[in-house]
file coords33.cif (mmCIF, C-alpha atoms and all ligand atoms)
data_start
loop_
_atom_site.label_atom_id
_atom_site.label_comp_id
_atom_site.auth_asym_id
_atom_site.auth_seq_id
_atom_site.Cartn_x
_atom_site.Cartn_y
_atom_site.Cartn_z
CA MET J 843 -38.50 -24.39 11.23
CA LEU J 844 -35.99 -24.40 14.08
CA GLY J 845 -35.15 -20.71 13.79
CA GLY J 846 -31.60 -19.40 14.16
CA ASP J 847 -30.49 -22.32 12.05
CA ARG J 848 -27.68 -21.03 9.81
CA LEU J 849 -24.09 -22.16 10.39
CA THR J 850 -21.53 -19.39 10.76
CA ALA J 851 -17.99 -19.54 9.37
CA GLN J 852 -16.10 -19.52 12.70
CA THR J 853 -16.84 -21.30 15.96
CA ASP J 854 -15.02 -22.77 18.96
CA VAL J 855 -16.79 -26.13 18.77
CA LEU J 856 -18.74 -27.68 15.91
CA VAL J 857 -21.03 -30.45 17.14
CA ILE J 858 -22.00 -32.82 14.35
CA GLY J 859 -25.38 -34.44 15.08
CA GLY J 860 -28.30 -32.81 16.90
CA GLY J 861 -29.68 -35.74 18.91
CA PRO J 862 -29.69 -35.74 22.75
CA ALA J 863 -25.89 -36.17 23.04
CA GLY J 864 -25.08 -33.38 20.58
CA ILE J 865 -27.55 -30.92 22.02
CA ALA J 866 -26.47 -31.69 25.61
CA THR J 867 -22.82 -31.12 24.65
CA ALA J 868 -23.74 -27.83 22.97
CA LEU J 869 -25.89 -26.61 25.89
CA ALA J 870 -23.15 -27.40 28.43
CA LEU J 871 -20.44 -25.71 26.31
CA ARG J 872 -22.62 -22.67 25.77
CA GLY J 873 -23.11 -22.44 29.53
CA ASP J 874 -19.30 -22.30 29.83
CA GLY J 875 -19.13 -19.39 27.38
CA PHE J 876 -17.95 -21.32 24.28
CA ARG J 877 -19.12 -20.39 20.82
CA VAL J 878 -20.78 -23.59 19.63
CA GLN J 879 -23.00 -24.68 16.77
CA VAL J 880 -24.73 -27.90 15.77
CA ALA J 881 -24.85 -29.41 12.26
CA GLU J 882 -27.78 -31.84 12.01
CA ARG J 883 -28.41 -34.08 9.01
CA SER J 884 -32.20 -34.37 9.33
CA GLY J 885 -35.02 -31.89 9.78
CA TYR J 886 -36.37 -33.92 12.77
CA GLU J 887 -39.28 -34.94 10.54
CA ARG J 888 -38.91 -38.75 10.57
CA VAL J 889 -40.05 -41.24 13.22
CA ARG J 890 -37.48 -41.76 16.02
CA VAL J 891 -37.50 -44.49 18.66
CA GLY J 892 -36.24 -44.70 22.24
CA GLU J 893 -39.26 -43.31 24.09
CA THR J 894 -39.00 -44.63 27.66
CA PHE J 895 -36.87 -42.61 30.08
CA PRO J 896 -35.98 -43.70 33.64
CA PRO J 897 -36.54 -41.31 36.58
CA SER J 898 -32.82 -40.46 36.48
CA ILE J 899 -33.44 -38.39 33.33
CA ARG J 900 -34.48 -35.61 35.73
CA PRO J 901 -31.07 -34.58 37.14
CA CYS J 902 -29.57 -34.60 33.62
CA LEU J 903 -32.27 -32.34 32.23
CA ALA J 904 -32.02 -30.16 35.35
CA LYS J 905 -28.24 -29.75 34.94
CA LEU J 906 -28.84 -28.66 31.35
CA GLY J 907 -31.42 -26.13 32.57
CA VAL J 908 -34.36 -27.63 30.64
CA TRP J 909 -36.22 -29.66 33.28
CA ARG J 910 -39.05 -27.16 33.83
CA SER J 911 -39.58 -26.82 30.10
CA PHE J 912 -39.63 -30.66 29.78
CA LEU J 913 -42.51 -30.78 32.28
CA LEU J 914 -44.64 -28.59 30.00
CA GLU J 915 -44.32 -30.89 26.98
CA GLY J 916 -47.18 -33.30 27.77
CA HIS J 917 -45.07 -36.45 28.21
CA LEU J 918 -46.62 -39.43 30.02
CA ARG J 919 -45.61 -40.23 33.59
CA SER J 920 -44.96 -43.89 34.30
CA PRO J 921 -45.09 -45.36 37.83
CA ALA J 922 -43.24 -48.63 37.05
CA ILE J 923 -41.83 -50.96 34.45
CA THR J 924 -43.55 -54.30 33.96
CA SER J 925 -41.64 -57.40 32.88
CA ALA J 926 -42.16 -61.10 32.19
CA TRP J 927 -38.52 -62.20 32.25
CA GLY J 928 -37.25 -65.51 33.62
CA GLY J 929 -40.84 -66.75 34.05
CA SER J 930 -44.30 -66.38 32.50
CA GLU J 931 -45.76 -64.14 35.24
CA THR J 932 -45.43 -60.36 35.07
CA HIS J 933 -43.76 -58.27 37.78
CA ASP J 934 -43.91 -54.51 38.30
CA GLN J 935 -40.74 -52.75 39.32
CA SER J 936 -42.10 -49.60 40.93
CA HIS J 937 -40.25 -46.27 40.81
CA ILE J 938 -41.79 -45.29 44.13
CA PHE J 939 -38.42 -45.36 45.90
CA SER J 940 -36.60 -43.42 43.22
CA PRO J 941 -35.39 -40.05 44.55
CA TYR J 942 -36.14 -38.63 41.10
CA GLY J 943 -39.84 -39.59 40.95
CA VAL J 944 -41.47 -41.34 38.01
CA ALA J 945 -40.26 -42.60 34.64
CA TRP J 946 -41.47 -41.06 31.38
CA HIS J 947 -42.87 -42.10 28.00
CA VAL J 948 -42.35 -39.53 25.27
CA ASP J 949 -42.87 -39.05 21.57
CA ARG J 950 -39.19 -39.32 20.70
CA ARG J 951 -39.27 -37.25 17.52
CA ARG J 952 -40.99 -34.43 19.40
CA PHE J 953 -38.57 -34.74 22.32
CA ASP J 954 -35.50 -34.39 20.09
CA LEU J 955 -37.03 -31.42 18.25
CA TRP J 956 -37.96 -29.77 21.56
CA LEU J 957 -34.39 -30.20 22.87
CA ALA J 958 -32.97 -28.70 19.67
CA ARG J 959 -35.32 -25.73 20.07
CA GLU J 960 -34.14 -25.26 23.65
CA ALA J 961 -30.60 -24.94 22.26
CA VAL J 962 -31.71 -22.45 19.62
CA GLY J 963 -33.48 -20.50 22.39
CA ARG J 964 -30.09 -20.18 24.13
CA GLY J 965 -28.48 -18.72 21.05
CA ILE J 966 -26.94 -21.95 19.67
CA PRO J 967 -27.34 -22.33 15.90
CA VAL J 968 -28.78 -25.80 15.14
CA ALA J 969 -28.68 -26.18 11.36
CA PRO J 970 -30.89 -28.93 9.86
CA GLY J 971 -30.36 -30.65 6.51
CA VAL J 972 -26.53 -30.54 6.75
CA ARG J 973 -24.33 -33.10 4.94
CA LEU J 974 -20.67 -33.57 5.87
CA ARG J 975 -18.41 -33.43 2.82
CA ASP J 976 -14.86 -33.06 3.97
CA THR J 977 -12.73 -32.35 7.05
CA SER J 978 -9.15 -31.18 7.26
CA ARG J 979 -6.92 -29.69 9.97
CA ASP J 980 -4.23 -27.05 9.55
CA ALA J 981 -0.81 -26.84 11.23
CA PHE J 982 -2.28 -24.72 14.07
CA GLY J 983 -4.88 -27.38 14.91
CA LYS J 984 -7.85 -25.54 13.36
CA TRP J 985 -10.45 -27.76 11.67
CA SER J 986 -12.08 -26.84 8.35
CA VAL J 987 -15.32 -28.72 7.81
CA ARG J 988 -16.96 -28.50 4.40
CA VAL J 989 -20.69 -29.17 4.46
CA ASP J 990 -23.67 -29.00 2.14
CA THR J 991 -26.65 -27.15 3.57
CA PRO J 992 -30.08 -26.39 2.06
CA ALA J 993 -28.70 -22.88 1.37
CA GLY J 994 -25.60 -24.24 -0.43
CA ALA J 995 -22.08 -25.48 0.37
CA THR J 996 -20.16 -23.75 3.14
CA THR J 997 -17.05 -24.23 5.30
CA VAL J 998 -16.98 -23.95 9.08
CA GLN J 999 -13.72 -23.46 10.97
CA ALA J 1000 -13.59 -24.82 14.51
CA SER J 1001 -11.04 -25.55 17.23
CA TYR J 1002 -12.90 -28.73 18.31
CA LEU J 1003 -15.24 -31.20 16.69
CA ALA J 1004 -17.70 -33.36 18.60
CA ASP J 1005 -19.01 -36.45 16.82
CA ALA J 1006 -22.60 -36.85 18.04
CA THR J 1007 -23.89 -38.58 14.91
CA GLY J 1008 -25.26 -41.62 16.76
CA ARG J 1009 -24.35 -45.16 15.79
CA THR J 1010 -23.07 -44.05 12.37
CA SER J 1011 -20.06 -42.24 14.00
CA SER J 1012 -19.79 -40.32 10.72
CA LEU J 1013 -16.96 -38.04 11.81
CA ALA J 1014 -14.90 -40.70 13.65
CA ARG J 1015 -15.07 -43.02 10.65
CA ARG J 1016 -13.66 -40.23 8.49
CA LEU J 1017 -10.85 -40.04 11.01
CA ASP J 1018 -10.23 -43.78 10.46
CA ARG J 1019 -11.77 -44.97 13.72
CA ARG J 1020 -13.51 -48.33 13.72
CA ARG J 1021 -16.66 -49.59 15.44
CA VAL J 1022 -16.43 -52.84 17.39
CA VAL J 1023 -19.80 -54.61 17.16
CA HIS J 1024 -20.90 -57.17 19.78
CA ASP J 1025 -24.17 -58.56 18.39
CA ARG J 1026 -26.79 -58.17 15.65
CA LEU J 1027 -29.81 -57.03 17.67
CA VAL J 1028 -32.54 -55.19 15.75
CA GLY J 1029 -35.91 -53.76 16.80
CA LEU J 1030 -38.96 -54.20 14.55
CA TYR J 1031 -41.17 -51.31 15.62
CA ARG J 1032 -44.83 -50.53 14.99
CA PHE J 1033 -47.01 -47.72 16.25
CA PHE J 1034 -50.64 -48.22 17.27
CA SER J 1035 -53.62 -46.03 17.95
CA ASP J 1036 -56.69 -46.89 19.95
CA PRO J 1037 -59.87 -46.76 17.81
CA SER J 1038 -62.06 -46.60 20.93
CA HIS J 1039 -59.96 -43.68 22.25
CA GLU J 1040 -60.70 -41.79 19.02
CA ALA J 1041 -64.42 -42.64 19.26
CA SER J 1042 -64.63 -41.77 22.95
CA SER J 1043 -62.91 -38.40 22.42
CA THR J 1044 -65.97 -37.33 20.37
CA GLU J 1045 -68.46 -38.86 22.83
CA PRO J 1046 -69.46 -37.80 26.35
CA GLU J 1047 -66.96 -38.80 29.03
CA GLY J 1048 -67.31 -42.39 30.25
CA SER J 1049 -69.28 -43.56 27.22
CA GLY J 1050 -66.63 -45.91 25.80
CA GLY J 1051 -62.99 -46.68 25.22
CA HIS J 1052 -60.53 -48.58 27.37
CA GLU J 1053 -57.46 -47.35 29.16
CA LEU J 1054 -54.10 -47.75 27.47
CA PRO J 1055 -51.59 -49.34 29.87
CA ALA J 1056 -49.65 -46.86 32.01
CA THR J 1057 -46.37 -48.79 32.10
CA GLY J 1058 -43.80 -50.09 29.66
CA LEU J 1059 -43.71 -53.88 29.30
CA VAL J 1060 -40.76 -56.14 28.49
CA GLU J 1061 -41.62 -59.78 27.75
CA ALA J 1062 -39.10 -62.49 26.86
CA VAL J 1063 -39.91 -65.03 24.12
CA GLU J 1064 -37.94 -67.82 22.49
CA ASP J 1065 -36.58 -65.61 19.69
CA GLY J 1066 -35.82 -62.48 21.76
CA TRP J 1067 -38.10 -60.12 23.63
CA TRP J 1068 -41.03 -57.78 23.11
CA TYR J 1069 -41.19 -54.21 24.29
CA SER J 1070 -44.29 -52.04 24.37
CA ALA J 1071 -45.07 -48.66 25.91
CA PRO J 1072 -47.77 -46.00 25.83
CA ILE J 1073 -46.80 -42.73 24.19
CA PRO J 1074 -48.62 -39.37 24.16
CA ASP J 1075 -51.81 -38.75 22.13
CA GLY J 1076 -53.44 -42.10 22.96
CA ARG J 1077 -50.89 -44.17 21.06
CA LEU J 1078 -48.72 -47.13 21.85
CA VAL J 1079 -45.46 -48.44 20.43
CA ALA J 1080 -44.50 -52.13 20.28
CA ALA J 1081 -41.35 -53.83 19.05
CA LEU J 1082 -39.90 -57.27 18.59
CA MET J 1083 -36.23 -57.24 19.61
CA THR J 1084 -34.30 -60.08 18.01
CA ASP J 1085 -31.17 -60.74 15.96
CA ALA J 1086 -31.17 -59.62 12.32
CA ASP J 1087 -30.72 -63.17 10.98
CA ILE J 1088 -33.51 -64.53 13.20
CA ALA J 1089 -35.84 -61.71 12.07
CA ALA J 1090 -35.09 -62.60 8.44
CA ARG J 1091 -35.61 -66.32 9.02
CA GLN J 1092 -38.93 -65.64 10.77
CA GLY J 1093 -40.11 -63.20 8.07
CA ALA J 1094 -40.79 -60.74 10.91
CA ARG J 1095 -40.86 -57.65 8.67
CA ASP J 1096 -44.11 -58.84 7.17
CA PRO J 1097 -46.96 -57.16 9.11
CA THR J 1098 -49.11 -60.30 9.33
CA ARG J 1099 -46.19 -62.45 10.44
CA TRP J 1100 -45.13 -59.79 12.99
CA HIS J 1101 -48.63 -60.00 14.50
CA GLU J 1102 -48.48 -63.82 14.56
CA LEU J 1103 -45.13 -63.69 16.34
CA MET J 1104 -46.55 -61.30 18.91
CA GLN J 1105 -49.15 -63.87 19.89
CA ARG J 1106 -46.29 -65.88 21.41
CA ALA J 1107 -45.93 -63.02 23.93
CA PRO J 1108 -49.31 -63.28 25.70
CA HIS J 1109 -49.00 -60.19 27.93
CA THR J 1110 -47.95 -58.01 25.00
CA TRP J 1111 -50.67 -59.46 22.81
CA LEU J 1112 -53.29 -58.68 25.46
CA ARG J 1113 -52.48 -54.97 25.39
CA ILE J 1114 -52.12 -54.67 21.61
CA ARG J 1115 -54.76 -56.93 20.11
CA ARG J 1116 -57.57 -54.32 20.05
CA LEU J 1117 -55.39 -51.50 18.77
CA ARG J 1118 -54.99 -50.36 15.17
CA ALA J 1119 -51.53 -50.58 13.58
CA GLU J 1120 -50.39 -47.38 11.83
CA GLY J 1121 -48.09 -49.06 9.30
CA ALA J 1122 -45.71 -51.91 8.59
CA PRO J 1123 -42.83 -52.74 11.00
CA LYS J 1124 -39.84 -50.37 10.78
CA VAL J 1125 -36.45 -51.90 11.49
CA PHE J 1126 -33.88 -50.15 13.71
CA ALA J 1127 -30.35 -51.37 14.44
CA ALA J 1128 -30.06 -51.93 18.20
CA ASN J 1129 -26.74 -53.74 18.55
CA THR J 1130 -24.18 -53.21 21.29
CA SER J 1131 -21.09 -51.54 19.86
CA ARG J 1132 -18.38 -49.02 20.60
CA LEU J 1133 -15.80 -46.95 18.85
CA ASP J 1134 -12.23 -48.29 19.17
CA THR J 1135 -11.03 -44.82 20.34
CA VAL J 1136 -13.45 -42.10 21.42
CA PHE J 1137 -11.17 -39.08 21.30
CA GLY J 1138 -8.12 -37.66 19.57
CA SER J 1139 -6.40 -34.33 19.25
CA GLY J 1140 -9.15 -31.72 18.79
CA TRP J 1141 -12.10 -34.12 18.66
CA LEU J 1142 -14.19 -36.56 20.66
CA ALA J 1143 -17.20 -38.80 20.17
CA VAL J 1144 -20.21 -38.58 22.46
CA GLY J 1145 -23.43 -40.59 23.02
CA ASP J 1146 -24.18 -43.44 20.63
CA ALA J 1147 -21.33 -42.27 18.42
CA ALA J 1148 -19.02 -43.45 21.23
CA MET J 1149 -20.92 -46.55 22.34
CA THR J 1150 -24.35 -48.12 22.04
CA HIS J 1151 -26.22 -50.14 24.64
CA ASP J 1152 -28.88 -52.80 24.23
CA PRO J 1153 -32.25 -50.97 24.52
CA LEU J 1154 -33.05 -53.39 27.36
CA SER J 1155 -30.98 -51.07 29.54
CA GLY J 1156 -33.51 -48.29 28.81
CA ASP J 1157 -30.95 -45.58 29.56
CA GLY J 1158 -29.64 -44.48 26.14
CA VAL J 1159 -30.97 -40.93 26.27
CA CYS J 1160 -30.00 -40.44 29.90
CA ARG J 1161 -26.49 -41.68 29.11
CA ALA J 1162 -26.30 -39.45 26.02
CA LEU J 1163 -27.17 -36.40 28.15
CA ARG J 1164 -24.70 -37.35 30.90
CA GLN J 1165 -21.96 -37.95 28.35
CA GLY J 1166 -22.75 -34.60 26.72
CA LEU J 1167 -22.01 -32.94 30.06
CA ALA J 1168 -18.80 -34.99 30.43
CA ALA J 1169 -17.72 -34.23 26.85
CA ALA J 1170 -18.17 -30.51 27.42
CA ALA J 1171 -16.10 -30.75 30.64
CA ALA J 1172 -13.34 -32.60 28.74
CA ILE J 1173 -13.23 -29.95 26.00
CA ARG J 1174 -13.17 -27.21 28.63
CA GLY J 1175 -10.31 -28.95 30.48
CA ASP J 1176 -8.31 -29.49 27.29
CA THR J 1177 -8.78 -25.84 26.32
CA ASP J 1178 -7.52 -24.82 29.76
CA GLY J 1179 -4.32 -26.81 29.15
CA ASP J 1180 -5.20 -29.93 31.16
CA ALA J 1181 -3.52 -32.65 29.06
CA ALA J 1182 -5.32 -35.38 31.05
CA ALA J 1183 -8.84 -34.10 30.28
CA LEU J 1184 -9.46 -35.99 27.01
CA PRO J 1185 -7.72 -39.24 28.12
CA GLU J 1186 -9.79 -39.18 31.34
CA TYR J 1187 -12.94 -38.79 29.26
CA GLY J 1188 -11.83 -41.81 27.19
CA ARG J 1189 -11.16 -43.89 30.32
CA ALA J 1190 -14.59 -43.02 31.75
CA VAL J 1191 -16.26 -44.17 28.51
CA ASP J 1192 -14.21 -47.42 28.58
CA SER J 1193 -15.09 -48.28 32.14
CA ALA J 1194 -18.80 -47.39 31.66
CA PHE J 1195 -18.86 -49.74 28.67
CA ASP J 1196 -17.19 -52.58 30.61
CA GLU J 1197 -19.67 -52.19 33.43
CA TYR J 1198 -22.55 -52.15 30.96
CA LEU J 1199 -21.33 -55.44 29.37
CA ARG J 1200 -21.13 -57.02 32.82
CA VAL J 1201 -24.70 -56.00 33.71
CA ARG J 1202 -26.02 -57.03 30.29
CA ALA J 1203 -24.59 -60.56 30.79
CA VAL J 1204 -26.24 -60.80 34.22
CA VAL J 1205 -29.64 -59.63 32.97
CA TYR J 1206 -29.70 -61.97 29.96
CA GLY J 1207 -28.51 -64.76 32.30
CA LEU J 1208 -31.69 -64.32 34.38
CA GLU J 1209 -33.79 -65.70 31.51
CA ASP J 1210 -33.04 -69.42 31.13
CA ARG J 1211 -36.26 -70.90 29.74
CA TRP J 1212 -34.86 -71.37 26.22
CA HIS J 1213 -31.25 -72.63 26.63
CA ASP J 1214 -31.02 -74.04 23.12
CA ALA J 1215 -32.75 -71.23 21.23
CA THR J 1216 -30.24 -69.32 19.07
CA PHE J 1217 -31.02 -65.87 20.50
CA TRP J 1218 -30.49 -66.92 24.15
CA ALA J 1219 -27.64 -69.36 23.49
CA ARG J 1220 -25.65 -66.51 21.90
CA ARG J 1221 -26.16 -64.26 24.92
CA HIS J 1222 -25.48 -66.99 27.48
CA ARG J 1223 -22.27 -67.97 25.66
CA GLU J 1224 -21.07 -64.37 25.81
CA GLY J 1225 -22.00 -64.19 29.52
CA THR J 1226 -19.98 -67.38 30.20
CA ARG J 1227 -16.98 -66.00 28.27
CA ARG J 1228 -17.11 -62.81 30.31
CA SER J 1229 -17.29 -64.57 33.67
CA ILE J 1230 -14.37 -66.87 32.71
CA SER J 1231 -12.22 -63.93 31.61
CA ALA J 1232 -13.16 -61.99 34.78
CA GLY J 1233 -12.41 -64.98 37.05
C1 LIG I 1 -34.48 -49.75 18.98
C2 LIG I 1 -33.98 -48.81 20.05
C3 LIG I 1 -34.74 -48.56 21.19
C4 LIG I 1 -34.27 -47.69 22.17
N1 LIG I 1 -35.05 -47.44 23.27
C5 LIG I 1 -34.62 -46.55 24.20
C6 LIG I 1 -35.45 -46.18 25.28
O1 LIG I 1 -36.58 -46.64 25.42
N2 LIG I 1 -34.96 -45.27 26.18
C7 LIG I 1 -33.72 -44.71 26.04
O2 LIG I 1 -33.33 -43.88 26.86
N3 LIG I 1 -32.93 -45.03 25.01
C8 LIG I 1 -33.35 -45.92 24.08
N4 LIG I 1 -32.57 -46.23 23.02
C9 LIG I 1 -31.24 -45.62 22.91
C10 LIG I 1 -31.33 -44.15 22.54
O3 LIG I 1 -32.25 -43.93 21.50
C11 LIG I 1 -29.95 -43.66 22.12
O4 LIG I 1 -29.00 -44.10 23.05
C12 LIG I 1 -29.92 -42.12 22.03
O5 LIG I 1 -30.78 -41.68 21.01
C13 LIG I 1 -28.50 -41.65 21.78
O6 LIG I 1 -28.50 -40.28 21.51
P1 LIG I 1 -27.41 -39.66 20.52
O7 LIG I 1 -27.68 -38.21 20.47
O8 LIG I 1 -26.09 -40.16 20.90
O9 LIG I 1 -27.71 -40.35 19.11
P2 LIG I 1 -28.97 -40.18 18.17
O10 LIG I 1 -30.21 -40.08 18.97
O11 LIG I 1 -28.87 -41.30 17.18
O12 LIG I 1 -28.75 -38.80 17.43
C14 LIG I 1 -27.80 -38.65 16.43
C15 LIG I 1 -28.18 -37.43 15.62
O13 LIG I 1 -27.17 -37.21 14.64
C16 LIG I 1 -27.77 -36.99 13.37
N5 LIG I 1 -26.79 -37.44 12.38
C17 LIG I 1 -26.47 -38.69 12.01
N6 LIG I 1 -25.49 -38.68 11.07
C18 LIG I 1 -25.19 -37.38 10.85
C19 LIG I 1 -24.27 -36.71 10.00
N7 LIG I 1 -23.44 -37.39 9.18
N8 LIG I 1 -24.21 -35.36 10.02
C20 LIG I 1 -25.04 -34.65 10.84
N9 LIG I 1 -25.95 -35.23 11.66
C21 LIG I 1 -26.03 -36.59 11.68
C22 LIG I 1 -29.05 -37.81 13.43
O14 LIG I 1 -30.00 -37.33 12.49
C23 LIG I 1 -29.49 -37.58 14.87
O15 LIG I 1 -30.25 -36.42 15.03
C24 LIG I 1 -33.02 -47.09 22.03
C25 LIG I 1 -32.25 -47.34 20.88
C26 LIG I 1 -32.72 -48.20 19.90
C27 LIG I 1 -31.87 -48.46 18.69
#
call {"tool": "encode", "arguments": {"input": "coords33.cif", "output": "structure tokens", "more": "lines below"}}
Ligand SMILES: Cc1cc2nc3c(=O)[nH]c(=O)nc-3n(C[C@H](O)[C@H](O)[C@H](O)COP(=O)(O)OP(=O)(O)OC[C@H]3O[C@@H](n4cnc5c(N)ncnc54)[C@H](O)[C@@H]3O)c2cc1C
result
Amino acid sequence: MLGGDRLTAQTDVLVIGGGPAGIATALALRGDGFRVQVAERSGYERVRVGETFPPSIRPCLAKLGVWRSFLLEGHLRSPAITSAWGGSETHDQSHIFSPYGVAWHVDRRRFDLWLAREAVGRGIPVAPGVRLRDTSRDAFGKWSVRVDTPAGATTVQASYLADATGRTSSLARRLDRRRVVHDRLVGLYRFFSDPSHEASSTEPEGSGGHELPATGLVEAVEDGWWYSAPIPDGRLVAALMTDADIAARQGARDPTRWHELMQRAPHTWLRIRRLRAEGAPKVFAANTSRLDTVFGSGWLAVGDAAMTHDPLSGDGVCRALRQGLAAAAAIRGDTDGDAAALPEYGRAVDSAFDEYLRVRAVVYGLEDRWHDATFWARRHREGTRRSISAG
């Protein structure tokens, strides 16, 4: 279904994981003349989340040479982000002054599949349905990676491995690295369609239907916050972001209860109440975490495999693409004999993570309507700890 999707026995770099970080790493390496291939566990057939991109996605996609193709994919343009945070009124933060134009709402599964196809189009094998079985390294530093593929078991030999497996860090864990987890945030996601949109698409123009909102909305509530955004094909996605234990205590996985909880977020409720849910809530881990070490001899971790941000930051995909470019530069430097290339990559990841934690504490500190509520008290405590240790 991807085409060109068989792994070959020898390569310079084997990228494990074909999400945005893995594909960006592969595209950048290929541009530098490396032989590179991508081993992806899925077939890109399941629902994926993370569908709002800031305007700054543009330079990353442009550097990877896929910006023009992105524009042809029918994603939704978004002029602003709306929030009710720190007060009950909504505010629009317009992108009008962004040098990169508008933000975007995408169908995330389609976006990831499109990006993988772009890689295949540039001669990079992206093999779906691959399972990691075993890794070993010989005395000359060559990796042997045994994998199961739909066509049978095979071994790939590579000089470098890139762990781009997302928050599972599958390769790094095999190399005895550990993930440091900062919270227990989860997202309970549901997709919606607009019944009047379906009716009006078979009726003459102007005869019915109402407009889906054009912007993403973030709305704080006592137990966390709600996120909702339009996505292509007249659909909308909405999620309750809260801690796993609070979600369990509230029974938030139950569809009826999820809807009841949403009514505590009046602005979100207003945009969803007439829409038709497409299924029960799906739960996604959304915690802040990082790998204790993001590189070693002959390997590195990139994207969510290296560190994860709270989705409130809305920049996961952008960061994954930027880090893919940086990971490729580090591998290139190391190959050229620059012993500082991988450590510098590691330091850049460390300082980006520290800066992210600082900003996260500030943003959660802006919402102080529910001091004693567990969700907010946890975040405010962490913010206080950070400012004391920084002072
Ligand atoms: C609830 C939630 C909401 C989010 N919302 C946004 C948003 O609105 N905007 C935004 O920019 N970011 C958002 N993010 C963050 C964003 O989705 C991630 O930062 C981004 O997907 C990271 O890309 P990645 O390639 O590093 O990891 P992933 O996208 O997780 O990709 C990893 C890939 O590796 C594959 N894989 C996993 N294990 C293996 C294995 N063992 N072998 C081979 N392949 C494997 C997976 O199938 C997948 O294709 C959100 C995240 C969450 C959890």
call {"tool": "atom_distance", "arguments": {"input": "coords33.cif", "atom1": "CA of Ser986 in chain J", "atom2": "atom O9 of ligand LIG 1 (chain I)"}}
result
23.3 Å
call {"tool": "closest_residue", "arguments": {"input": "coords33.cif", "among": "J:Gly859, J:Gly1076, J:Gly875, J:Pro896", "to": "ligand LIG 1 (chain I)", "atoms": "all atoms listed in the file"}}
result
J:Gly859
call {"tool": "closest_residue", "arguments": {"input": "coords33.cif", "among": "J:Ile1173, J:Ala1107, J:Ala1190, J:Val1159", "to": "ligand LIG 1 (chain I)", "atoms": "all atoms listed in the file"}}
result
J:Val1159
call {"tool": "closest_residue", "arguments": {"input": "coords33.cif", "among": "J:Ile938, J:Leu1154, J:Ile899, J:Ala1215", "to": "Thr1130 in chain J", "atoms": "all atoms listed in the file"}}
result
J:Leu1154
call {"tool": "residues_near_point", "arguments": {"input": "coords33.cif", "point": "(-23.5, -59.1, 28.2)", "cutoff": "9 Å", "atoms": "only C-alpha atoms", "output": "VMD selection string"}}
result
chain J and resid 1198 to 1207 1221 to 1222 1224 to 1225 1228
call {"tool": "residues_around", "arguments": {"input": "coords33.cif", "residues": "Arg1189 in chain J", "least_positions_apart": "4", "cutoff": "12 Å", "atoms": "all atoms listed in the file", "output": "PyMOL selection string"}}
result
chain J and resi 1135-1137+1168+1172+1182-1185+1193-1196
call {"tool": "write_last_selection", "arguments": {"input": "coords33.cif", "atoms": "C-alpha atoms", "output": "short mmCIF file (atom, residue, chain, number, x, y, z; two decimals), in the coordinates of the input"}}
result
data_model
loop_
_atom_site.label_atom_id
_atom_site.label_comp_id
_atom_site.auth_asym_id
_atom_site.auth_seq_id
_atom_site.Cartn_x
_atom_site.Cartn_y
_atom_site.Cartn_z
CA THR J 1135 -11.03 -44.82 20.34
CA VAL J 1136 -13.45 -42.10 21.42
CA PHE J 1137 -11.17 -39.08 21.30
CA ALA J 1168 -18.80 -34.99 30.43
CA ALA J 1172 -13.34 -32.60 28.74
CA ALA J 1182 -5.32 -35.38 31.05
CA ALA J 1183 -8.84 -34.10 30.28
CA LEU J 1184 -9.46 -35.99 27.01
CA PRO J 1185 -7.72 -39.24 28.12
CA SER J 1193 -15.09 -48.28 32.14
CA ALA J 1194 -18.80 -47.39 31.66
CA PHE J 1195 -18.86 -49.74 28.67
CA ASP J 1196 -17.19 -52.58 30.61
#
call {"tool": "residues_around", "arguments": {"input": "coords33.cif", "residues": "Arg1116 in chain J", "least_positions_apart": "4", "cutoff": "10 Å", "atoms": "only C-alpha atoms", "output": "VMD selection string"}}
result
chain J and resid 1034 to 1038 1052 1111 to 1112
call {"tool": "closest_residue", "arguments": {"input": "coords33.cif", "among": "J:Asp1096, J:Glu1061, J:Asp934, J:Asp949", "to": "ligand LIG 1 (chain I)", "atoms": "all atoms listed in the file"}}
result
J:Asp949
call {"tool": "atom_distance", "arguments": {"input": "coords33.cif", "atom1": "CA of Gly1188 in chain J", "atom2": "CA of Ile858 in chain J"}}
result
18.7 Å
call {"tool": "residues_around", "arguments": {"input": "coords33.cif", "residues": "range 878-892 of chain J", "least_positions_apart": "5", "cutoff": "6 Å", "atoms": "only C-alpha atoms", "output": "list in words"}}
result
Thr853, Asp854, Val855, Leu856, Val857, Ile858, Gly859, Gly860, Arg950, Arg951, Ile966, Pro967, Val968, Ala969, Pro970, Gly971, Val972 and Arg973 of chain J
call {"tool": "write_last_selection", "arguments": {"input": "coords33.cif", "atoms": "C-alpha atoms", "output": "compact mmCIF listing (two decimals), in the frame of the given file"}}
result
# COMPACT_ATOMS: atom_id res chain seq x y z
CA THR J 853 -16.84 -21.30 15.96
CA ASP J 854 -15.02 -22.77 18.96
CA VAL J 855 -16.79 -26.13 18.77
CA LEU J 856 -18.74 -27.68 15.91
CA VAL J 857 -21.03 -30.45 17.14
CA ILE J 858 -22.00 -32.82 14.35
CA GLY J 859 -25.38 -34.44 15.08
CA GLY J 860 -28.30 -32.81 16.90
CA ARG J 950 -39.19 -39.32 20.70
CA ARG J 951 -39.27 -37.25 17.52
CA ILE J 966 -26.94 -21.95 19.67
CA PRO J 967 -27.34 -22.33 15.90
CA VAL J 968 -28.78 -25.80 15.14
CA ALA J 969 -28.68 -26.18 11.36
CA PRO J 970 -30.89 -28.93 9.86
CA GLY J 971 -30.36 -30.65 6.51
CA VAL J 972 -26.53 -30.54 6.75
CA ARG J 973 -24.33 -33.10 4.94
